[in-house]
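Contents: one structure, followed by commentary.
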Amino acid sequence: MSILAGLGVYFLLPQGRLSRPRVGFLFAAAALLAWMAVAGLRLSSAEPSKVYFLIFSSIALAAGVCVITHRKPVYSALYFVVVVLAVAALLVLQHAEFLAIALIIIYAGAIMVTYLFVIMLAQQSGVPLYDRRAREPFFAVLLGFVFMATVVVRTGDDSGINASVGPKIASLVQHPVESTTPSTHAAIAHDGNTAAMGAVLATKYVVVLEIGALLLLISMVGAIALSRKRLPREGHAVSSAPLGQVGKTVEPF
Amino acid sequence: MAAAPGYIVLGALLFSLGVIGFLSRRNLIVIFLSTEMMFQGVVINVVTYSRLHGQVDGQAFGLFLLVIAAVEAGLALGLLVLLHRRRGTLDAEAWTTMRG
């Protein structure tokens, strides 16, 4: 399955004249079907949440392949929104409702809007050469899927998701650890996920939370300092550009 | 609980797709999008293990990951705008003077 997926991604990556998007599409579709079949074989117990897992994981994978293979960055960003939405649905399936909503608001709302703004600021017309030609696609795909195979062998068999799970994770999967702090479990059951997360964030990780806030402040200051225009100081000669052209061109600094 | 390996494999798949995109694309914006996709894979992994342990600590880590992703996106995009002003291109290959 991973060989199929690797071939699909390899052929889908833009490579100038060597590009074979149709072949790549066939391979990628075959890999997606294989993923659905392998994951679907475990569906015999027919839990509804597993059906949803199948649907949303397939959406996330297909959109993820589109993100890294599409030739236009705008479409890449939009496909990434699809990935975020599918991942958020998977988080809801895992009872992480607060994180799912935060993911949608922060990623699909804030971060992607910033990306789209920068794309529209910086995009030339047409598809430039560097979007049509990938850099070392073969080695990138090889490295990526060797990495994935390493993780998967540690986690479970590639061909059978549930078969021959690595011993440590297997014991964890079969006997999920009961919460070390019994109050956490009760809190989740009683107040729901958001209240439990709030309790953890405000007690155990309160320092980390503050550091995160500080980090956001630093990044905001840094981003503003990086991207401001350098204006001439007062007292110096005003820009010699003719009226209507002032501020249209920015000297590099 | 039985679907947990599926979630972990899915996280690894998203992460490796991000690695492939990061290594092979030349547009700086798509490179940073690929890192964001790696973050998605990590978030799935963290939340899965959080559920397996029956705690919400992992979800708290997921939230901090989100913070880091926002910081990274803000700074990286500021740098991108700066680089684009200098050279007028988003090609990563345009900035190879330090290669020697």
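Going through the structure tokens in order, the chains are called A, B, and so on, while each chain numbers its residues from 1 and the ligands are numbered from 1 in the order shown.
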
Using only C-alpha atoms, which residues of chain B come within 6 Å of chain A, and what is the closest atom pair for each, with the distance in Å to one decimal? Give it as CSV, sorted by chain and residue number.
residue,atom,partner,partner_atom,distance
B:Ala12,CA,A:Met148,CA,5.9
B:Ser16,CA,A:Gly144,CA,4.9
B:Val19,CA,A:Gly144,CA,5.8
B:Ile20,CA,A:Ala140,CA,5.1
B:Gly21,CA,A:Ile68,CA,5.0
B:Leu23,CA,A:Ala140,CA,5.6
B:Ser24,CA,A:Arg135,CA,4.7
B:Arg25,CA,A:Ala134,CA,5.2
B:Arg26,CA,A:Tyr130,CA,5.7
B:Leu52,CA,A:Pro176,CA,5.0
B:His53,CA,A:Val177,CA,4.7
B:Gly54,CA,A:Ser179,CA,5.1
B:Gln55,CA,A:Ser179,CA,5.8
B:Val71,CA,A:Ser219,CA,5.6
B:Leu75,CA,A:Ala223,CA,5.2
B:Gly78,CA,A:Ala223,CA,5.3
B:Arg86,CA,A:Pro252,CA,5.9
B:Asp91,CA,A:Tyr130,CA,6.0

Within chain B, find each residue whose DSSP state, derived from the backbone, is helix (DSSP H, G or I), and express the selection as an NGL selection string. :B and (4-24 or 28-53 or 57-87 or 92-94 or 97-99)

If you measure from atom CA of B:Tyr7 to atom CA of A:Ala28, what distance in Å do you get, rounded to one decimal? 19.8 Å

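Proximity of B:Ala60, B:Leu10, B:Val67, B:Val81 to A:Met120, computed with only C-alpha atoms, is greatest for B:Val81.
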
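Atom pair atom CA of A:Ile59 / atom CA of A:Val113 has a distance of 21.5 Å (rounded to one decimal).
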